[in-house]
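**Student:** First the structure, which I've put down as structure tokens, then a few questions once you've had a look.
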Amino acid sequence: MYKYEFTLCTSRDFALSVDVVSRHACYPYSGPFMRNQAQTSLFPAGGVSVAPHKQRGPTHAAQSLLNKLIRSNLVNTTNQVEVLQRDPTSPLYSVKSFEELRLKPQLLQGVYAMGFNRPSKIQETALPMMLAEPPQNLIAQSQSGTGKTAAFVLAMLSHVDPENKWPQCLCVSPTYELALQTGKVIEQMGKFYPEVQLVYAIRGNKLERGTKLQEQVVIGTPGTVLDWCQKLKFIDPRKIKVFVLDEADVMIATQGHQDQSIRIQRMLPKTCQMLLFSATFEDTVWNFAKRIVPDPNIIKLKREEETLDTIKQYYVICNSKEEKFQALCNIYGAITIAQAMIFCHTRKTAGWLAGELSREGHQVALLSGEMQVEQRAAVIERFRDGKEKVLVTTNVCARGIDVEQVSVVINFDLPVDKDGNPDNETYLHRIGRTGRFGKRGLAINMVDSRFSMNILDRIQEHFNKKIEKLDTDDLDEIEKIAN
Ligand SMILES: Nc1ncnc2c1ncn2[C@@H]1O[C@H](COP(=O)(O)OP(=O)(O)OP(=O)(O)O)[C@@H](O)[C@H]1O
């Protein structure tokens, strides 16, 4: 076995290690992996972060990757799993422990070594379905971080016959980086099952013509997987037993991926188990899912509703950004704020504000649009670990990122859409995170013009919830809001 280890350092505080494992000496990694270690980046030159509004696909993928990189735990959810069975007469079976699944001992050992004590909500129902005989097809949707990846990895590894030295499980991911992340989970989960081997079908992994893969599990991106099945014939698609399409919502946001995925699926035998996972389920995802997975069982886990009920909301009147900054300082002077997130409309304001706050002695983290994904992950990780107490960001940059422990959110600028109308959804998402799981949160909105007052009024109207005025020159009044 050849094991290539790379420590990918992209900033002082951020190191990612990727192990690329291949059994054959003839599979050297070229391309991005072969550069000098210190300069090596997991991410393609130029990054995947910039200009999100112009590149819905890559941004979607970048967000998904960021959440994966910063997440160390399952997302907490109390919502019930909704199940739609292909055969409604067959009993619905769910498990409360991994032992009940009768996994191979090597896999159970892998699961426990990863620190999983019991199945997550979605795993409880999805795993028995995926491991059933005869194999059942599944479309599963649940928010990011609920344990989908771990679930299908376990299903793939359970279905492999290690005696057979050819690809049996095929998983496609929307991007190179996401494929590497999923590959890492496969490697961790299969750590005690060395007979099962994994190969990455991603750009940069150049195999000699005529190669017939002996690895049982293939993880890759649609373009390379399609080439390996069709043009280069490294994989015999007729021998695939399990096909997984991960992150379907991200997949369809990237041009060309949908068609490539469908072309891969068409080469697989009718008996192949088809599994599709998605964090969201709009019509476009659903239409795609139905084309990939015939006769599916469907599992949905509703996202925990964000609400404004447990959040105290205030607004402050100011005349300029300097006055807004002063108001902010007054608030900081009067109440103890463990951790706050401050949203600005532009990158420029965010940069300016971060500078002013650090001059005042605050430990500030700045999340900015020009940063590459791994740099953003490093910033969020430091903030999550409490190394910085204030995170200043633009919405574009922080959209979809969950930092649960924040107790105060400050809208230095109110969220508006591109037409200048209130962006209620973003408002809810920004503020909602402060009041998670019944914890009380505080939200302060800075109003600096008649325009922004009008936006605030419309937000109040939309949520039918009063936002109280706060005089930040009155210290006693500010102190009261913290109680
Ligand atoms: N049963 C479990 N017990 C404890 N931790 C778990 C369990 N299953 C998964 N995890 C951990 O929870 C985190 C999220 O899991 P996972 O990546 O599988 O979620 P996901 O739904 O696939 O998210 P995404 O949509 O972002 O890929 C990971 O850190 C994973 O190691």
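Identifiers for the structure tokens are assigned positionally: chains receive A, B, ... in sequence, residues are indexed from 1 per chain, and ligands are indexed from 1 in the order shown.
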Please find the residues contacting ligand 1 at a distance of at most 6 Å between atoms, with only C-alpha atoms and all ligand atoms counted, and report them as an mmCIF file with C-alpha atoms, in the first residue's frame.
**Tutor:**
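This is the output file result.cif:
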```cif
data_model
loop_
_atom_site.group_PDB
_atom_site.id
_atom_site.type_symbol
_atom_site.label_atom_id
_atom_site.label_comp_id
_atom_site.auth_asym_id
_atom_site.auth_seq_id
_atom_site.Cartn_x
_atom_site.Cartn_y
_atom_site.Cartn_z
ATOM 1 C CA SER A 64 -20.901 23.224 2.220
ATOM 2 C CA LYS A 68 -17.884 20.517 7.051
ATOM 3 C CA ARG A 71 -18.080 21.264 12.283
ATOM 4 C CA SER A 72 -16.891 18.907 14.945
ATOM 5 C CA ASN A 73 -20.264 17.604 16.037
ATOM 6 C CA LEU A 74 -23.707 16.652 14.925
ATOM 7 C CA PHE A 116 -19.986 7.856 17.580
ATOM 8 C CA ASN A 117 -21.948 6.347 20.447
ATOM 9 C CA ARG A 118 -25.341 6.070 18.867
ATOM 10 C CA PRO A 119 -26.914 6.767 15.472
ATOM 11 C CA SER A 120 -28.039 10.300 14.717
ATOM 12 C CA SER A 144 -25.945 19.732 6.752
ATOM 13 C CA GLY A 145 -24.305 18.215 9.798
ATOM 14 C CA THR A 146 -26.991 15.692 10.681
ATOM 15 C CA GLY A 147 -24.928 12.630 9.841
ATOM 16 C CA LYS A 148 -25.736 11.831 6.216
ATOM 17 C CA THR A 149 -22.146 11.272 5.089
ATOM 18 C CA ALA A 150 -21.377 8.905 7.927
ATOM 19 C CA ALA A 279 -29.361 19.195 2.397
#
```
**Student:** For Gln80 in chain A, work out the shell of residues within 8 Å, counting only C-alpha atoms and skipping chain neighbours fewer than 2 positions away, then give it as an MDAnalysis selection string.
**Tutor:** chainID A and resid 78 82 121 301:302
**Student:** Write the residues of the preceding selection, restricted to N, CA and C atoms, as a PDB file, in the first residue's frame.
**Tutor:**
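Heads up, here's the output in result-v2.pdb:
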```
ATOM      1  N   THR A  78     -34.365  18.448  17.158  1.00  0.00           N
ATOM      2  CA  THR A  78     -35.401  17.702  17.880  1.00  0.00           C
ATOM      3  C   THR A  78     -36.526  17.329  16.918  1.00  0.00           C
ATOM      4  N   GLU A  82     -39.318  12.242   8.743  1.00  0.00           N
ATOM      5  CA  GLU A  82     -40.498  11.892   7.950  1.00  0.00           C
ATOM      6  C   GLU A  82     -40.105  10.793   6.979  1.00  0.00           C
ATOM      7  N   LYS A 121     -30.272  11.127  14.345  1.00  0.00           N
ATOM      8  CA  LYS A 121     -31.703  11.028  13.979  1.00  0.00           C
ATOM      9  C   LYS A 121     -31.901  10.423  12.595  1.00  0.00           C
ATOM     10  N   LEU A 301     -35.731  15.020   7.050  1.00  0.00           N
ATOM     11  CA  LEU A 301     -35.649  15.519   8.419  1.00  0.00           C
ATOM     12  C   LEU A 301     -35.837  17.023   8.319  1.00  0.00           C
ATOM     13  N   LYS A 302     -36.931  17.489   8.917  1.00  0.00           N
ATOM     14  CA  LYS A 302     -37.190  18.925   8.788  1.00  0.00           C
ATOM     15  C   LYS A 302     -36.125  19.736   9.506  1.00  0.00           C
TER      16      LYS A 302
END
```
**Student:** Please provide the set of residues having any atom within 7 Å of Leu226 in chain A, restricted to only C-alpha atoms, with same-chain residues fewer than 3 positions apart removed, written as a PDB file with N, CA and C atoms, in the first residue's frame.
**Tutor:**
```pdb
ATOM      1  N   PRO A 222     -18.091  13.997 -10.820  1.00  0.00           N
ATOM      2  CA  PRO A 222     -18.811  13.383 -11.937  1.00  0.00           C
ATOM      3  C   PRO A 222     -17.994  13.276 -13.227  1.00  0.00           C
ATOM      4  N   GLY A 223     -17.258  14.329 -13.576  1.00  0.00           N
ATOM      5  CA  GLY A 223     -16.512  14.311 -14.839  1.00  0.00           C
ATOM      6  C   GLY A 223     -15.489  13.197 -14.871  1.00  0.00           C
ATOM      7  N   CYS A 229     -15.308   5.487 -16.201  1.00  0.00           N
ATOM      8  CA  CYS A 229     -16.235   4.399 -16.525  1.00  0.00           C
ATOM      9  C   CYS A 229     -16.333   4.216 -18.036  1.00  0.00           C
ATOM     10  N   GLN A 230     -16.412   5.355 -18.759  1.00  0.00           N
ATOM     11  CA  GLN A 230     -16.786   5.281 -20.161  1.00  0.00           C
ATOM     12  C   GLN A 230     -15.586   5.298 -21.103  1.00  0.00           C
ATOM     13  N   GLN A 260     -23.841  14.748 -16.301  1.00  0.00           N
ATOM     14  CA  GLN A 260     -22.805  13.724 -16.114  1.00  0.00           C
ATOM     15  C   GLN A 260     -23.274  12.663 -15.124  1.00  0.00           C
ATOM     16  N   ILE A 264     -23.732   8.656 -15.770  1.00  0.00           N
ATOM     17  CA  ILE A 264     -23.100   7.593 -14.956  1.00  0.00           C
ATOM     18  C   ILE A 264     -24.174   6.607 -14.513  1.00  0.00           C
TER      19      ILE A 264
END
```
**Student:** Could you list, with a cut-off of 8 Å and counting only C-alpha atoms, the residues of range 74-158 of chain A near range 179-197 of chain A, each shown with its nearest atom pair and the distance in Å rounded to one decimal, rows sorted by chain and ascending number, as CSV?
**Tutor:**
```
residue,atom,partner,partner_atom,distance
A:Gln106,CA,A:Phe192,CA,5.1
A:Leu107,CA,A:Gly190,CA,6.3
A:Gln109,CA,A:Phe192,CA,6.9
A:Gly110,CA,A:Met189,CA,4.6
A:Val111,CA,A:Met189,CA,5.9
A:Met114,CA,A:Met189,CA,7.2
A:Thr149,CA,A:Thr182,CA,7.0
A:Ala150,CA,A:Val185,CA,7.0
A:Val153,CA,A:Ile186,CA,5.9
A:Leu154,CA,A:Met189,CA,7.3
A:Leu157,CA,A:Gly190,CA,7.2
```
**Student:** Go ahead and write the residues just picked, C-alpha atoms, as a PDB file, in the first residue's frame.
**Tutor:**
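Final output, again02.pdb:
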```
ATOM      1  CA  GLN A 106     -14.291  -4.066  11.836  1.00  0.00           C
ATOM      2  CA  LEU A 107     -16.834  -1.400  10.906  1.00  0.00           C
ATOM      3  CA  GLN A 109     -14.804  -0.658  15.649  1.00  0.00           C
ATOM      4  CA  GLY A 110     -14.367   2.141  13.099  1.00  0.00           C
ATOM      5  CA  VAL A 111     -17.630   3.773  14.154  1.00  0.00           C
ATOM      6  CA  MET A 114     -14.726   7.963  15.419  1.00  0.00           C
ATOM      7  CA  THR A 149     -22.146  11.272   5.089  1.00  0.00           C
ATOM      8  CA  ALA A 150     -21.377   8.905   7.927  1.00  0.00           C
ATOM      9  CA  VAL A 153     -20.205   5.598   4.095  1.00  0.00           C
ATOM     10  CA  LEU A 154     -21.244   2.909   6.525  1.00  0.00           C
ATOM     11  CA  LEU A 157     -18.491  -0.285   3.413  1.00  0.00           C
TER      12      LEU A 157
END
```
**Student:** Which residues, written as a list in words, have at least one atom at most 9 Å from Glu356 in chain A, with only C-alpha atoms counted and residues fewer than 5 positions away on the same chain left out?
**Tutor:**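 Non-adjacent residues within range: Phe325, Gly351 and Gly361 of chain A.
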**Student:** Can you tell me how far CA of Val244 in chain A sits from CA of Gly204 in chain A, in Å to one decimal?
**Tutor:**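 CA of Val244 in chain A sits 22.0 Å away from CA of Gly204 in chain A.
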**Student:** Smallest atom-to-atom distance to Val406 in chain A: which of A:Met446, A:Val285, A:Ala340, A:Ile455, using only C-alpha atoms?
**Tutor:**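 For Val406 in chain A, the nearest of the given residues is A:Ala340.
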**Student:** What does the structure give for the distance between CA of Glu247 in chain A and CA of Val379 in chain A, in Å to one decimal?
**Tutor:** 24.5 Å
**Student:** Can you list, as a ChimeraX atom specification, every residue of range 148-278 of chain A that DSSP puts in alpha helix (DSSP H)?
**Tutor:** /A:148-159,176-189,222-226,248-252,257-267
**Student:** Keeping only C-alpha atoms, take the residues you just selected and write them out as an mmCIF file, in the first residue's frame.
**Tutor:**
```
data_model
loop_
_atom_site.group_PDB
_atom_site.id
_atom_site.type_symbol
_atom_site.label_atom_id
_atom_site.label_comp_id
_atom_site.auth_asym_id
_atom_site.auth_seq_id
_atom_site.Cartn_x
_atom_site.Cartn_y
_atom_site.Cartn_z
ATOM 1 C CA LYS A 148 -25.736 11.831 6.216
ATOM 2 C CA THR A 149 -22.146 11.272 5.089
ATOM 3 C CA ALA A 150 -21.377 8.905 7.927
ATOM 4 C CA ALA A 151 -24.591 7.017 7.102
ATOM 5 C CA PHE A 152 -23.877 6.320 3.450
ATOM 6 C CA VAL A 153 -20.205 5.598 4.095
ATOM 7 C CA LEU A 154 -21.244 2.909 6.525
ATOM 8 C CA ALA A 155 -23.718 1.521 3.994
ATOM 9 C CA MET A 156 -21.077 1.419 1.242
ATOM 10 C CA LEU A 157 -18.491 -0.285 3.413
ATOM 11 C CA SER A 158 -21.054 -2.823 4.619
ATOM 12 C CA HIS A 159 -21.935 -3.865 1.078
ATOM 13 C CA TYR A 176 -12.742 17.884 -5.689
ATOM 14 C CA GLU A 177 -12.543 19.229 -2.126
ATOM 15 C CA LEU A 178 -15.845 17.669 -1.064
ATOM 16 C CA ALA A 179 -14.753 14.350 -2.565
ATOM 17 C CA LEU A 180 -11.567 14.518 -0.479
ATOM 18 C CA GLN A 181 -13.580 15.243 2.662
ATOM 19 C CA THR A 182 -15.887 12.287 2.074
ATOM 20 C CA GLY A 183 -12.866 10.153 1.244
ATOM 21 C CA LYS A 184 -11.430 10.991 4.628
ATOM 22 C CA VAL A 185 -14.597 9.728 6.303
ATOM 23 C CA ILE A 186 -14.369 6.494 4.300
ATOM 24 C CA GLU A 187 -10.754 6.067 5.369
ATOM 25 C CA GLN A 188 -11.540 6.736 9.021
ATOM 26 C CA MET A 189 -14.568 4.476 9.118
ATOM 27 C CA PRO A 222 -18.811 13.383 -11.937
ATOM 28 C CA GLY A 223 -16.512 14.311 -14.839
ATOM 29 C CA THR A 224 -13.620 12.088 -13.812
ATOM 30 C CA VAL A 225 -15.892 9.228 -12.730
ATOM 31 C CA LEU A 226 -17.652 9.351 -16.094
ATOM 32 C CA ALA A 248 -27.439 16.697 -4.822
ATOM 33 C CA ASP A 249 -28.403 20.302 -4.194
ATOM 34 C CA VAL A 250 -24.824 21.444 -4.713
ATOM 35 C CA MET A 251 -24.468 19.110 -7.676
ATOM 36 C CA ILE A 252 -27.310 20.657 -9.632
ATOM 37 C CA HIS A 257 -22.782 17.890 -13.193
ATOM 38 C CA GLN A 258 -26.414 16.946 -13.462
ATOM 39 C CA ASP A 259 -26.039 15.490 -16.957
ATOM 40 C CA GLN A 260 -22.805 13.724 -16.114
ATOM 41 C CA SER A 261 -24.393 12.159 -13.044
ATOM 42 C CA ILE A 262 -27.344 10.936 -15.066
ATOM 43 C CA ARG A 263 -24.992 9.469 -17.664
ATOM 44 C CA ILE A 264 -23.100 7.593 -14.956
ATOM 45 C CA GLN A 265 -26.319 6.313 -13.453
ATOM 46 C CA ARG A 266 -27.466 4.946 -16.846
ATOM 47 C CA MET A 267 -24.411 2.728 -17.093
#
```
**Student:** From the list A:Gln63, A:Asp419, A:Ser142, A:Asp474, which residue is nearest Asn330 in chain A when using only C-alpha atoms?
**Tutor:**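 For Asn330 in chain A, the nearest of the given residues is A:Asp474.
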**Student:** Tell me which protein, DNA and RNA residues are within 10 Å of Lys480 in chain A, counting only C-alpha atoms, leaving out same-chain ones fewer than 4 positions away, and put them as a PDB file with N, CA, C and O atoms, in the first residue's frame.
**Tutor:**
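Output below, filename part-v3.pdb:
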```pdb
ATOM      1  N   ALA A 334     -21.186  48.966  28.430  1.00  0.00           N
ATOM      2  CA  ALA A 334     -22.237  48.808  29.442  1.00  0.00           C
ATOM      3  C   ALA A 334     -22.568  47.357  29.754  1.00  0.00           C
ATOM      4  O   ALA A 334     -22.962  47.027  30.872  1.00  0.00           O
ATOM      5  N   ILE A 335     -22.463  46.494  28.775  1.00  0.00           N
ATOM      6  CA  ILE A 335     -22.837  45.094  29.049  1.00  0.00           C
ATOM      7  C   ILE A 335     -21.708  44.130  28.666  1.00  0.00           C
ATOM      8  O   ILE A 335     -20.861  44.448  27.842  1.00  0.00           O
ATOM      9  N   LEU A 475     -26.468  54.822  29.636  1.00  0.00           N
ATOM     10  CA  LEU A 475     -25.858  53.562  30.074  1.00  0.00           C
ATOM     11  C   LEU A 475     -26.816  52.687  30.864  1.00  0.00           C
ATOM     12  O   LEU A 475     -26.822  51.461  30.741  1.00  0.00           O
ATOM     13  N   ASP A 476     -27.651  53.343  31.715  1.00  0.00           N
ATOM     14  CA  ASP A 476     -28.602  52.564  32.519  1.00  0.00           C
ATOM     15  C   ASP A 476     -29.551  51.789  31.607  1.00  0.00           C
ATOM     16  O   ASP A 476     -29.866  50.630  31.862  1.00  0.00           O
TER      17      ASP A 476
END
```
**Student:** Which is closest to Arg440 in chain A among A:Arg384, A:Arg203, A:Arg86, A:Lys312, if we use only C-alpha atoms?
**Tutor:**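 Under the stated criterion, the closest residue is A:Lys312.
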**Student:** Please compute the CA of Ser449 in chain A-CA of Ile478 in chain A distance, one decimal, in Å.
**Tutor:**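 If I compute the distance from CA of Ser449 in chain A to CA of Ile478 in chain A, I get 21.8 Å.
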**Student:** From a DSSP pass on the backbone, collect the residues of range 278-477 of chain A flagged as strand (DSSP E or B) and hand them back as number ranges by chain.
**Tutor:** A: 278, 297-301, 311-317, 340-344, 364-367, 390-394, 408-411, 416, 422, 441-447, 468-469
**Student:** With distances taken over only C-alpha atoms, which of A:Pro237, A:Pro128, A:Pro174, A:Pro167 is nearest to Val217 in chain A?
**Tutor:**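 Of A:Pro237, A:Pro128, A:Pro174, A:Pro167, the one nearest Val217 in chain A, counting only C-alpha atoms, is A:Pro167.
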